[in-house]
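model-v3.txt follows; it contains compact mmCIF, C-alpha atoms.
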# COMPACT_ATOMS: atom_id res chain seq x y z
CA MET A 17 -22.92 -13.44 7.38
CA THR A 18 -23.30 -9.82 6.28
CA ASP A 19 -23.30 -8.69 2.67
CA LEU A 20 -21.51 -5.42 2.03
CA CYS A 21 -20.69 -3.21 -0.94
CA ILE A 22 -17.31 -1.56 -0.45
CA ALA A 23 -15.71 0.51 -3.19
CA GLY A 24 -18.37 -0.88 -5.50
CA LEU A 25 -17.36 -4.47 -4.73
CA PRO A 26 -19.72 -7.07 -3.26
CA ILE A 27 -18.09 -8.47 -0.10
CA ARG A 28 -19.38 -11.02 2.43
CA VAL A 29 -18.15 -10.87 6.02
CA GLU A 30 -18.70 -12.84 9.17
CA SER A 31 -17.56 -10.83 12.18
CA ALA A 32 -16.60 -12.06 15.61
CA ASP A 33 -17.47 -8.76 17.31
CA LYS A 34 -20.89 -8.48 15.69
CA ALA A 35 -22.21 -5.51 17.66
CA TYR A 36 -19.16 -3.37 16.86
CA PHE A 37 -19.09 -4.18 13.16
CA GLN A 38 -22.84 -3.73 12.78
CA THR A 39 -22.17 -0.05 13.42
CA ARG A 40 -18.90 0.09 11.44
CA TYR A 41 -20.46 -1.53 8.36
CA ALA A 42 -23.87 0.18 8.58
CA ASP A 43 -23.28 2.46 5.58
CA TYR A 44 -22.04 -0.43 3.43
CA ILE A 45 -24.86 -3.01 3.80
CA ARG A 46 -26.21 -4.32 0.51
CA ARG A 47 -29.34 -6.30 -0.19
CA ASP A 48 -28.76 -7.40 -3.77
CA ASN A 49 -28.01 -10.95 -4.86
CA GLN A 50 -24.64 -10.36 -6.46
CA PRO A 51 -22.12 -13.11 -5.77
CA PRO A 52 -19.37 -11.74 -3.50
CA VAL A 53 -15.88 -11.16 -4.91
CA MET A 54 -14.53 -11.80 -1.43
CA GLU A 55 -15.54 -13.62 1.75
CA MET A 56 -13.85 -13.13 5.08
CA ARG A 57 -14.57 -14.64 8.48
CA THR A 58 -13.17 -13.87 11.90
CA ARG A 59 -13.11 -16.53 14.58
CA ILE A 60 -12.03 -16.05 18.17
CA LEU A 61 -11.23 -19.41 19.73
CA ASP A 62 -9.80 -20.71 23.02
CA GLU A 63 -7.31 -22.87 21.13
CA LEU A 64 -6.08 -22.31 17.57
CA PRO A 65 -5.10 -25.40 15.62
CA PRO A 66 -1.37 -25.24 14.71
CA PRO A 67 -1.17 -24.40 10.98
CA GLN A 68 0.06 -27.35 8.90
CA GLY A 69 1.99 -27.16 5.64
CA GLN A 70 5.26 -26.11 4.06
CA MET A 71 7.07 -23.37 5.98
CA LEU A 72 8.05 -20.58 3.56
CA GLU A 73 9.75 -18.01 5.75
CA GLN A 74 9.81 -16.27 9.09
CA VAL A 75 9.66 -12.48 9.10
CA LYS A 76 10.49 -11.18 12.58
CA SER A 77 8.12 -13.14 14.82
CA VAL A 78 5.59 -14.03 12.12
CA ARG A 79 5.80 -17.40 10.33
CA VAL A 80 4.48 -17.82 6.81
CA LEU A 81 3.54 -21.21 5.38
CA ARG A 82 1.67 -22.75 2.47
CA THR A 83 -1.04 -25.10 3.74
CA THR A 84 -1.62 -28.49 2.16
CA ASP A 85 -4.76 -27.12 0.46
CA GLY A 86 -2.73 -24.29 -1.12
CA ARG A 87 -3.65 -21.40 1.16
CA LEU A 88 -1.13 -18.91 2.49
CA CYS A 89 -1.09 -18.77 6.28
CA ARG A 90 0.75 -16.28 8.44
CA PHE A 91 0.70 -16.82 12.15
CA GLY A 92 2.28 -15.91 15.43
CA GLN A 93 2.84 -18.00 18.51
CA THR A 94 4.10 -17.74 22.07
CA ALA A 95 7.54 -18.96 23.16
CA GLU A 96 5.78 -22.15 24.28
CA GLY A 97 4.39 -22.67 20.78
CA LYS A 98 0.78 -21.73 21.43
CA VAL A 99 -0.71 -20.09 18.33
CA MET A 100 -2.08 -16.62 19.12
CA PHE A 101 -3.28 -15.62 15.66
CA ALA A 102 -3.44 -17.17 12.21
CA ILE A 103 -4.61 -15.63 8.95
CA TYR A 104 -5.48 -18.09 6.18
CA CYS A 105 -5.90 -16.74 2.62
CA THR A 106 -6.45 -18.35 -0.76
CA PRO A 107 -3.71 -17.26 -3.21
CA ASP A 108 -6.09 -14.72 -4.79
CA TYR A 109 -7.25 -13.46 -1.35
CA GLN A 110 -10.83 -14.22 -2.35
CA ASP A 111 -11.37 -16.24 0.82
CA VAL A 112 -9.85 -15.17 4.13
CA GLU A 113 -10.18 -16.65 7.60
CA ILE A 114 -8.85 -14.65 10.52
CA GLN A 115 -8.32 -16.59 13.75
CA PHE A 116 -7.47 -15.02 17.10
CA CYS A 117 -6.88 -16.82 20.37
CA THR A 118 -9.04 -15.51 23.23
CA THR A 119 -5.91 -15.24 25.40
CA TRP A 120 -3.92 -13.19 22.87
CA LYS A 121 -2.57 -10.13 24.67
CA HIS A 122 -1.29 -7.79 22.01
CA PRO A 123 0.95 -5.06 23.50
CA HIS A 124 -1.03 -2.25 21.86
CA PHE A 125 -4.41 -3.44 20.60
CA THR A 126 -7.58 -5.14 21.85
CA LEU A 127 -9.08 -8.07 19.95
CA ARG A 128 -11.77 -5.70 18.64
CA GLU A 129 -9.12 -3.35 17.26
CA LEU A 130 -7.19 -6.28 15.80
CA GLU A 131 -10.29 -7.58 14.04
CA TYR A 132 -10.87 -4.11 12.63
CA MET A 133 -7.27 -3.88 11.43
CA TYR A 134 -6.96 -7.39 10.00
CA THR A 135 -10.27 -7.22 8.11
CA GLY A 136 -8.97 -3.96 6.62
CA PHE A 137 -5.66 -5.57 5.59
CA SER A 138 -7.58 -8.47 4.06
CA PHE A 139 -9.81 -6.18 2.01
CA GLN A 140 -6.73 -4.28 0.89
CA ASN A 141 -5.08 -7.49 -0.31
CA ARG A 142 -8.13 -8.58 -2.30
CA LEU A 143 -8.43 -5.10 -3.78
CA SER A 144 -4.79 -5.30 -4.92
CA VAL A 145 -5.48 -8.57 -6.76
CA LEU A 146 -8.43 -6.83 -8.45
CA GLY A 147 -6.19 -3.95 -9.64
CA GLY A 148 -7.02 -1.37 -6.98
CA GLY A 149 -5.30 -0.31 -3.81
CA VAL A 150 -5.41 1.64 -0.59
CA LEU A 151 -3.56 4.91 0.02
CA HIS A 152 -2.74 6.00 3.56
CA SER A 153 -4.43 9.39 3.45
CA SER A 154 -7.23 11.54 4.71
CA SER A 155 -9.48 12.14 1.76
CA LEU A 156 -12.42 14.29 0.82
CA ALA A 157 -14.74 15.18 -2.00
CA TRP A 158 -15.21 18.82 -2.87
CA ARG A 159 -18.34 19.15 -5.02
CA GLY A 160 -17.90 15.53 -6.06
CA GLN A 161 -14.18 15.81 -6.90
CA GLY A 162 -11.88 13.60 -4.82
CA VAL A 163 -8.65 14.77 -3.20
CA ALA A 164 -6.46 12.58 -0.98
CA PHE A 165 -4.03 14.18 1.50
CA SER A 166 -1.29 11.71 2.31
CA ALA A 167 1.59 11.74 4.80
CA ALA A 168 3.14 9.74 7.60
CA SER A 169 1.00 9.43 10.73
CA GLY A 170 1.07 12.51 12.92
CA THR A 171 1.84 15.01 10.15
CA GLY A 172 -1.60 16.60 10.14
CA LYS A 173 -3.61 15.03 7.29
CA SER A 174 -6.88 14.95 9.22
CA THR A 175 -6.28 18.42 10.61
CA HIS A 176 -5.85 19.77 7.09
CA VAL A 177 -8.99 18.00 5.87
CA GLY A 178 -10.83 19.44 8.90
CA LEU A 179 -9.82 22.91 7.68
CA TRP A 180 -11.41 22.17 4.28
CA LYS A 181 -14.60 21.07 6.02
CA GLU A 182 -14.58 24.22 8.13
CA ARG A 183 -14.08 26.34 5.02
CA PHE A 184 -16.44 24.74 2.53
CA GLY A 185 -19.11 23.21 4.79
CA ASP A 186 -21.52 20.95 2.90
CA ASP A 187 -19.50 21.28 -0.32
CA VAL A 188 -16.94 19.00 1.34
CA GLN A 189 -17.59 15.42 2.38
CA ILE A 190 -14.95 13.30 4.09
CA ILE A 191 -14.59 10.10 2.06
CA ASN A 192 -12.24 8.31 4.41
CA ASP A 193 -10.04 9.76 7.14
CA ASP A 194 -7.19 7.23 6.92
CA LYS A 195 -7.32 4.53 4.24
CA PRO A 196 -9.50 5.25 1.21
CA ALA A 197 -9.52 2.79 -1.65
CA ILE A 198 -8.57 3.78 -5.18
CA ARG A 199 -9.97 1.88 -8.15
CA PHE A 200 -9.52 2.37 -11.87
CA THR A 201 -12.79 2.28 -13.81
CA GLU A 202 -13.78 3.32 -17.32
CA ASP A 203 -14.36 6.76 -15.79
CA GLY A 204 -10.71 6.90 -14.67
CA PRO A 205 -9.24 6.70 -11.17
CA MET A 206 -11.91 6.73 -8.46
CA LEU A 207 -11.56 7.57 -4.77
CA CYS A 208 -13.72 5.26 -2.65
CA GLY A 209 -14.87 5.26 0.94
CA THR A 210 -14.30 2.13 3.03
CA PRO A 211 -15.28 1.26 6.63
CA TRP A 212 -11.60 1.20 7.64
CA SER A 213 -10.76 4.81 8.48
CA GLY A 214 -8.21 4.53 11.27
CA LYS A 215 -8.99 5.99 14.66
CA THR A 216 -12.06 7.92 13.54
CA ALA A 217 -15.34 6.78 12.02
CA HIS A 218 -15.08 9.46 9.32
CA ASN A 219 -15.89 7.53 6.16
CA CYS A 220 -18.78 7.14 3.77
CA ASN A 221 -19.85 4.70 1.09
CA ARG A 222 -19.16 6.90 -1.89
CA MET A 223 -17.01 6.77 -5.04
CA VAL A 224 -15.85 10.00 -6.69
CA PRO A 225 -13.32 10.80 -9.43
CA LEU A 226 -9.85 11.20 -7.91
CA ARG A 227 -8.67 14.64 -8.95
CA ALA A 228 -5.34 14.80 -7.08
CA ILE A 229 -3.14 13.31 -4.39
CA VAL A 230 -1.41 15.85 -2.16
CA PHE A 231 1.47 14.78 0.06
CA ILE A 232 1.73 16.97 3.12
CA GLU A 233 4.75 18.13 5.05
CA ARG A 234 4.81 20.66 7.84
CA GLY A 235 6.23 24.06 7.03
CA GLN A 236 6.29 27.62 8.31
CA GLN A 237 4.91 28.93 5.04
CA ASN A 238 2.35 27.53 2.64
CA ARG A 239 3.54 26.45 -0.77
CA ILE A 240 2.73 23.68 -3.19
CA ARG A 241 4.34 22.14 -6.26
CA ARG A 242 3.87 19.20 -8.61
CA LEU A 243 6.05 16.17 -7.95
CA ASP A 244 8.19 14.64 -10.66
CA VAL A 245 8.08 10.92 -11.41
CA VAL A 246 10.82 9.81 -9.02
CA GLU A 247 9.54 11.98 -6.17
CA GLY A 248 6.04 10.73 -6.83
CA MET A 249 7.10 7.08 -6.74
CA PHE A 250 9.03 7.71 -3.52
CA HIS A 251 6.04 9.28 -1.78
CA LEU A 252 3.50 6.79 -3.10
CA THR A 253 5.53 3.73 -2.11
CA SER A 254 5.89 5.23 1.39
CA GLN A 255 2.12 5.39 1.85
CA ILE A 256 0.86 2.36 -0.11
CA VAL A 257 1.67 -0.73 1.90
CA ARG A 258 3.25 -3.76 0.24
CA PRO A 259 2.61 -6.89 2.33
CA TYR A 260 5.79 -8.37 3.82
CA TYR A 261 4.40 -11.91 3.62
CA ASP A 262 3.65 -12.13 -0.12
CA ALA A 263 6.14 -10.85 -2.71
CA ASP A 264 3.85 -11.73 -5.63
CA LEU A 265 1.09 -9.61 -4.17
CA GLY A 266 3.72 -6.91 -3.58
CA VAL A 267 4.40 -6.85 -7.34
CA GLN A 268 0.68 -6.26 -7.93
CA VAL A 269 0.77 -3.40 -5.44
CA VAL A 270 3.72 -1.90 -7.35
CA ASP A 271 1.67 -2.22 -10.58
CA PHE A 272 -1.12 -0.29 -8.92
CA THR A 273 1.29 2.31 -7.55
CA GLN A 274 2.74 2.88 -11.01
CA ARG A 275 -0.75 3.26 -12.47
CA VAL A 276 -1.58 5.91 -9.86
CA LEU A 277 1.69 7.67 -10.65
CA GLU A 278 0.86 7.75 -14.35
CA ASN A 279 -2.78 8.78 -14.01
CA VAL A 280 -3.21 11.08 -11.01
CA PRO A 281 -1.62 14.52 -10.51
CA LEU A 282 0.66 14.42 -7.46
CA TYR A 283 1.58 17.46 -5.36
CA LEU A 284 3.78 18.25 -2.38
CA LEU A 285 2.16 20.73 0.02
CA SER A 286 4.33 22.33 2.64
CA CYS A 287 1.91 23.93 5.07
CA ASN A 288 0.98 25.19 8.49
CA ILE A 289 -2.43 24.88 10.16
CA SER A 290 -4.33 27.74 8.57
CA GLN A 291 -6.97 28.63 6.03
CA GLU A 292 -4.15 29.98 3.86
CA ALA A 293 -2.95 26.39 3.58
CA VAL A 294 -6.38 25.43 2.22
CA ASP A 295 -6.19 28.27 -0.32
CA THR A 296 -2.74 27.16 -1.43
CA ALA A 297 -3.87 23.59 -2.06
CA PHE A 298 -7.25 24.49 -3.53
CA ASN A 299 -5.86 26.98 -6.03
CA ALA A 300 -3.28 24.47 -7.29
CA ILE A 301 -5.73 21.56 -7.65
CA PHE A 302 -8.79 23.31 -8.97
CA SER A 303 -9.02 25.86 -11.73
CA LYS A 304 -11.26 28.91 -11.80
CA GLY A 305 -13.74 26.97 -13.92
CA ASP A 306 -14.34 24.52 -11.07
CA ALA A 307 -15.32 27.12 -8.51
CA MET B 19 27.54 -12.69 -7.32
CA LYS B 20 23.92 -11.70 -7.81
CA ILE B 21 21.39 -9.27 -6.42
CA LYS B 22 19.21 -10.41 -3.54
CA ASP B 23 15.66 -11.49 -4.32
CA GLY B 24 12.81 -9.20 -3.39
CA PHE B 25 13.04 -6.24 -5.77
CA VAL B 26 11.09 -5.20 -8.84
CA VAL B 27 12.27 -2.67 -11.41
CA ARG B 28 9.86 -0.34 -13.15
CA GLN B 29 10.50 2.05 -16.00
CA VAL B 30 8.48 5.21 -15.51
CA GLY B 31 8.93 8.28 -17.66
CA GLY B 32 12.45 7.32 -18.70
CA ASN B 33 13.48 6.51 -15.12
CA HIS B 34 14.38 3.06 -13.82
CA ILE B 35 13.02 2.67 -10.31
CA VAL B 36 13.66 -0.29 -8.00
CA VAL B 37 11.07 -1.10 -5.34
CA PRO B 38 11.41 -3.76 -2.61
CA VAL B 39 8.62 -6.33 -2.20
CA GLY B 40 7.81 -9.16 0.21
CA SER B 41 9.99 -9.54 3.28
CA MET B 42 12.55 -7.18 1.71
CA THR B 43 10.18 -4.31 2.61
CA VAL B 44 11.03 -4.98 6.28
CA ASP B 45 14.78 -4.55 5.77
CA PHE B 46 14.87 -1.98 3.00
CA ASN B 47 13.02 1.31 3.20
CA GLY B 48 12.61 3.55 0.19
CA ILE B 49 13.32 3.08 -3.50
CA ILE B 50 16.39 3.08 -5.74
CA THR B 51 16.78 4.98 -8.99
CA LEU B 52 19.11 3.63 -11.66
CA ASN B 53 20.66 5.28 -14.68
CA GLU B 54 20.75 3.43 -18.00
CA THR B 55 24.01 1.59 -17.32
CA ALA B 56 23.07 0.69 -13.77
CA ALA B 57 19.69 -0.61 -14.94
CA PHE B 58 21.48 -2.84 -17.47
CA LEU B 59 23.86 -4.19 -14.81
CA TRP B 60 21.01 -4.66 -12.33
CA GLY B 61 19.21 -6.78 -14.92
CA GLN B 62 22.33 -8.90 -15.52
CA LEU B 63 22.76 -9.46 -11.80
CA GLN B 64 19.44 -11.23 -11.50
CA GLN B 65 21.72 -14.18 -12.31
CA GLU B 66 25.20 -15.03 -11.04
CA HIS B 67 28.02 -13.13 -12.77
CA THR B 68 31.64 -12.32 -11.97
CA THR B 69 33.06 -8.79 -12.22
CA ASP B 70 34.85 -9.70 -15.45
CA GLU B 71 31.67 -11.11 -16.95
CA LEU B 72 29.77 -7.94 -16.11
CA THR B 73 32.47 -5.85 -17.81
CA GLU B 74 32.27 -8.03 -20.92
CA LEU B 75 28.48 -7.77 -20.96
CA LEU B 76 28.68 -4.00 -20.65
CA LEU B 77 31.24 -3.80 -23.49
CA ALA B 78 28.99 -5.93 -25.69
CA GLU B 79 25.95 -3.75 -25.01
CA TYR B 80 27.41 -0.23 -25.06
CA ASP B 81 29.97 1.60 -27.15
CA VAL B 82 32.49 2.27 -24.36
CA ASP B 83 36.18 1.50 -23.88
CA LYS B 84 37.30 -1.21 -21.49
CA ALA B 85 38.67 1.13 -18.84
CA THR B 86 35.37 3.03 -18.63
CA ALA B 87 33.40 -0.22 -18.47
CA GLU B 88 35.60 -1.55 -15.65
CA GLN B 89 35.21 1.68 -13.74
CA ASP B 90 31.40 1.68 -14.19
CA VAL B 91 31.12 -1.94 -13.02
CA ALA B 92 33.35 -1.33 -10.00
CA ARG B 93 31.41 1.76 -8.96
CA PHE B 94 28.09 -0.04 -9.33
CA LEU B 95 29.26 -3.06 -7.35
CA ASP B 96 30.59 -0.81 -4.59
CA ALA B 97 27.19 0.86 -4.33
CA LEU B 98 25.47 -2.53 -4.15
CA LYS B 99 27.84 -3.77 -1.47
CA GLU B 100 27.40 -0.59 0.55
CA ALA B 101 23.62 -1.01 0.46
CA GLU B 102 23.99 -4.76 1.24
CA LEU B 103 22.06 -5.70 -1.88
CA LEU B 104 24.27 -8.58 -3.04
CA ALA B 105 23.18 -12.12 -2.13
Go ahead and render the structure in this file as structure tokens.
Amino acid sequence: MTDLCIAGLPIRVESADKAYFQTRYADYIRRDNQPPVMEMRTRILDELPPPQGQMLEQVKSVRVLRTTDGRLCRFGQTAEGKVMFAIYCTPDYQDVEIQFCTTWKHPHFTLRELEYMYTGFSFQNRLSVLGGGVLHSSSLAWRGQGVAFSAASGTGKSTHVGLWKERFGDDVQIINDDKPAIRFTEDGPMLCGTPWSGKTAHNCNRMVPLRAIVFIERGQQNRIRRLDVVEGMFHLTSQIVRPYYDADLGVQVVDFTQRVLENVPLYLLSCNISQEAVDTAFNAIFSKGDA
Amino acid sequence: MKIKDGFVVRQVGGNHIVVPVGSMTVDFNGIITLNETAAFLWGQLQQEHTTDELTELLLAEYDVDKATAEQDVARFLDALKEAELLA
């Protein structure tokens, strides 16, 4: 068991791939005695016990059932009925057990990558129950002020954040390159680093006030504008995942999304790969008094 | 008829916005915006209603003539059918 502090929350994890996660979690280790708000375990087994309980639905190849002890379980199996993975969660996602079969051959990911992804999903679910959420974005802090750049994969979020780093040097710190957490505290919306940062290890254990969310689209010229409410909801719901296996949790994610919409300035940046793009975004987000 | 399960409606800044949740997120991408009348009808269609009942409900709620109400209901139902949102 490893005790972590992620987005200010005490978490306890038990990893299957201990060597890999020792590195991934290094910046998030805690040594206090706070009781965890979440515990998650990953087990890799030769045979997974078939989940037992009331079948709720099947979404594509994934089956969802309620176990006899009240947990939600989603699982996948081969055509012969051999269970390849099963994720067991208490209804509040406080306790999560991730089970993978040693023989699971995912078409795209290794078991290590799957453990990384599923622990991230599990944290995201617990965070949603606690009123926070995760925004698909590359995010940074400029002099302690958080900005998240969000877009569909492949648009150039990380590239744009790299341009900020190039421009401002030590004044910019990358908070999380792919999936930062957002939490609402008495200080307002906070942008938080987490160990789950997509393909890169660019993340840090830091919480900063969230000053703005900027949705990026590619363009020939650089221009930026504020989004109205409907546009904002459209963009946010595109980049804040609602779990397909739990509609009640999905409602909580929508609550969070609405709170972000109502409390964080949202922009649409049409940009190319240039320092002028950084200027365009910076000048819209920050006033002269900030510089 | 009624609307399929798996949507939540939120009122934000005077706008009614419908967002899919649960397994509906797999089949339905994006969000729906509703005007005042559509939001009222959407709410009614959380339960089973016939076209005539919807028209009556609309007449009871808003100060419109019957022909306008029938036209509004028909247009709304057409949009729902087109988007395959009726159960």
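Comparing A:Cys287, A:Val112, A:Leu243, A:Ile103 by their smallest distance to Lys173 of chain A, the closest is A:Cys287 (using only C-alpha atoms).
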Would you list the residues near (6.1, 22.0, 1.5), meaning any protein, DNA or RNA residue with an atom at most 8 Å from that point in file coordinates, counting only C-alpha atoms, as a PDB file with C-alpha atoms, in the frame of the given file?
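As a result, point-v1.pdb now contains:
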ATOM      1  CA  ILE A 232       1.730  16.970   3.120  1.00  0.00           C
ATOM      2  CA  GLU A 233       4.750  18.130   5.050  1.00  0.00           C
ATOM      3  CA  ARG A 234       4.810  20.660   7.840  1.00  0.00           C
ATOM      4  CA  GLY A 235       6.230  24.060   7.030  1.00  0.00           C
ATOM      5  CA  GLN A 237       4.910  28.930   5.040  1.00  0.00           C
ATOM      6  CA  ASN A 238       2.350  27.530   2.640  1.00  0.00           C
ATOM      7  CA  ARG A 239       3.540  26.450  -0.770  1.00  0.00           C
ATOM      8  CA  ILE A 240       2.730  23.680  -3.190  1.00  0.00           C
ATOM      9  CA  ARG A 241       4.340  22.140  -6.260  1.00  0.00           C
ATOM     10  CA  LEU A 284       3.780  18.250  -2.380  1.00  0.00           C
ATOM     11  CA  LEU A 285       2.160  20.730   0.020  1.00  0.00           C
ATOM     12  CA  SER A 286       4.330  22.330   2.640  1.00  0.00           C
ATOM     13  CA  CYS A 287       1.910  23.930   5.070  1.00  0.00           C
TER      14      CYS A 287
END
Coordinates-based distance that separates atom CA of Phe58 of chain B from atom CA of Leu75 of chain B (Å, one decimal)
9.2 Å
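The two atoms in question, atom CA of Thr73 of chain B and atom CA of Val246 of chain A, are spaced 28.1 Å apart.
The closest residue to chain B, picked from A:Arg28, A:His218, A:Lys98, A:Arg79 and counting all atoms listed in the file, is A:Arg79.
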Dump as a tab-separated table (two decimals) with C-alpha atoms, in the frame of the given file the residues of chain B that approach chain A to within 12 Å, counting all atoms listed in the file.
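To be explicit, this is the file written out as result-v1.tsv:
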chain	number	residue	atom	x	y	z
B	23	ASP	CA	15.66	-11.49	-4.32
B	24	GLY	CA	12.81	-9.20	-3.39
B	25	PHE	CA	13.04	-6.24	-5.77
B	26	VAL	CA	11.09	-5.20	-8.84
B	27	VAL	CA	12.27	-2.67	-11.41
B	28	ARG	CA	9.86	-0.34	-13.15
B	29	GLN	CA	10.50	2.05	-16.00
B	30	VAL	CA	8.48	5.21	-15.51
B	31	GLY	CA	8.93	8.28	-17.66
B	32	GLY	CA	12.45	7.32	-18.70
B	33	ASN	CA	13.48	6.51	-15.12
B	34	HIS	CA	14.38	3.06	-13.82
B	35	ILE	CA	13.02	2.67	-10.31
B	36	VAL	CA	13.66	-0.29	-8.00
B	37	VAL	CA	11.07	-1.10	-5.34
B	38	PRO	CA	11.41	-3.76	-2.61
B	39	VAL	CA	8.62	-6.33	-2.20
B	40	GLY	CA	7.81	-9.16	0.21
B	41	SER	CA	9.99	-9.54	3.28
B	42	MET	CA	12.55	-7.18	1.71
B	43	THR	CA	10.18	-4.31	2.61
B	44	VAL	CA	11.03	-4.98	6.28
B	45	ASP	CA	14.78	-4.55	5.77
B	46	PHE	CA	14.87	-1.98	3.00
B	47	ASN	CA	13.02	1.31	3.20
B	48	GLY	CA	12.61	3.55	0.19
B	49	ILE	CA	13.32	3.08	-3.50
B	50	ILE	CA	16.39	3.08	-5.74
B	51	THR	CA	16.78	4.98	-8.99
B	52	LEU	CA	19.11	3.63	-11.66
Using atom CA of Leu88 of chain A and atom CA of Thr210 of chain A as the two end points, give the distance in Å to one decimal.
24.8 Å
Excluding same-chain residues fewer than 2 positions from Ala87 of chain B, what lies within 9 Å of it counting all atoms listed in the file, as a list in words?
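Here the qualifying residues turn out to be Leu72, Thr73, Glu74, Leu76, Leu77, Tyr80, Val82, Asp83, Lys84, Ala85, Gln89, Asp90, Val91 and Ala92 of chain B.
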Could you please take those selected residues and save C-alpha atoms as a short mmCIF file (atom, residue, chain, number, x, y, z; two decimals), in the coordinates of the input?
data_model
loop_
_atom_site.label_atom_id
_atom_site.label_comp_id
_atom_site.auth_asym_id
_atom_site.auth_seq_id
_atom_site.Cartn_x
_atom_site.Cartn_y
_atom_site.Cartn_z
CA LEU B 72 29.77 -7.94 -16.11
CA THR B 73 32.47 -5.85 -17.81
CA GLU B 74 32.27 -8.03 -20.92
CA LEU B 76 28.68 -4.00 -20.65
CA LEU B 77 31.24 -3.80 -23.49
CA TYR B 80 27.41 -0.23 -25.06
CA VAL B 82 32.49 2.27 -24.36
CA ASP B 83 36.18 1.50 -23.88
CA LYS B 84 37.30 -1.21 -21.49
CA ALA B 85 38.67 1.13 -18.84
CA GLN B 89 35.21 1.68 -13.74
CA ASP B 90 31.40 1.68 -14.19
CA VAL B 91 31.12 -1.94 -13.02
CA ALA B 92 33.35 -1.33 -10.00
#
Please supply segment 85-97 of chain B, rebuilt with N, CA and C atoms, as a short mmCIF file (atom, residue, chain, number, x, y, z; two decimals), in the coordinates of the input.
data_model
loop_
_atom_site.label_atom_id
_atom_site.label_comp_id
_atom_site.auth_asym_id
_atom_site.auth_seq_id
_atom_site.Cartn_x
_atom_site.Cartn_y
_atom_site.Cartn_z
N ALA B 85 38.37 0.47 -20.11
CA ALA B 85 38.67 1.13 -18.84
C ALA B 85 37.41 1.77 -18.24
N THR B 86 36.62 2.41 -19.11
CA THR B 86 35.37 3.03 -18.63
C THR B 86 34.41 1.97 -18.12
N ALA B 87 34.30 0.86 -18.87
CA ALA B 87 33.40 -0.22 -18.47
C ALA B 87 33.81 -0.79 -17.11
N GLU B 88 35.11 -1.00 -16.93
CA GLU B 88 35.60 -1.55 -15.65
C GLU B 88 35.28 -0.60 -14.50
N GLN B 89 35.48 0.68 -14.78
CA GLN B 89 35.21 1.68 -13.74
C GLN B 89 33.71 1.71 -13.39
N ASP B 90 32.85 1.65 -14.42
CA ASP B 90 31.40 1.68 -14.19
C ASP B 90 30.96 0.46 -13.37
N VAL B 91 31.49 -0.70 -13.73
CA VAL B 91 31.12 -1.94 -13.02
C VAL B 91 31.59 -1.85 -11.57
N ALA B 92 32.81 -1.40 -11.37
CA ALA B 92 33.35 -1.33 -10.00
C ALA B 92 32.53 -0.37 -9.15
N ARG B 93 32.20 0.77 -9.73
CA ARG B 93 31.41 1.76 -8.96
C ARG B 93 30.03 1.20 -8.60
N PHE B 94 29.43 0.51 -9.57
CA PHE B 94 28.09 -0.04 -9.33
C PHE B 94 28.14 -1.12 -8.25
N LEU B 95 29.15 -1.98 -8.35
CA LEU B 95 29.26 -3.06 -7.35
C LEU B 95 29.54 -2.49 -5.96
N ASP B 96 30.33 -1.45 -5.90
CA ASP B 96 30.59 -0.81 -4.59
C ASP B 96 29.30 -0.31 -3.98
N ALA B 97 28.47 0.31 -4.84
CA ALA B 97 27.19 0.86 -4.33
C ALA B 97 26.29 -0.27 -3.84
#
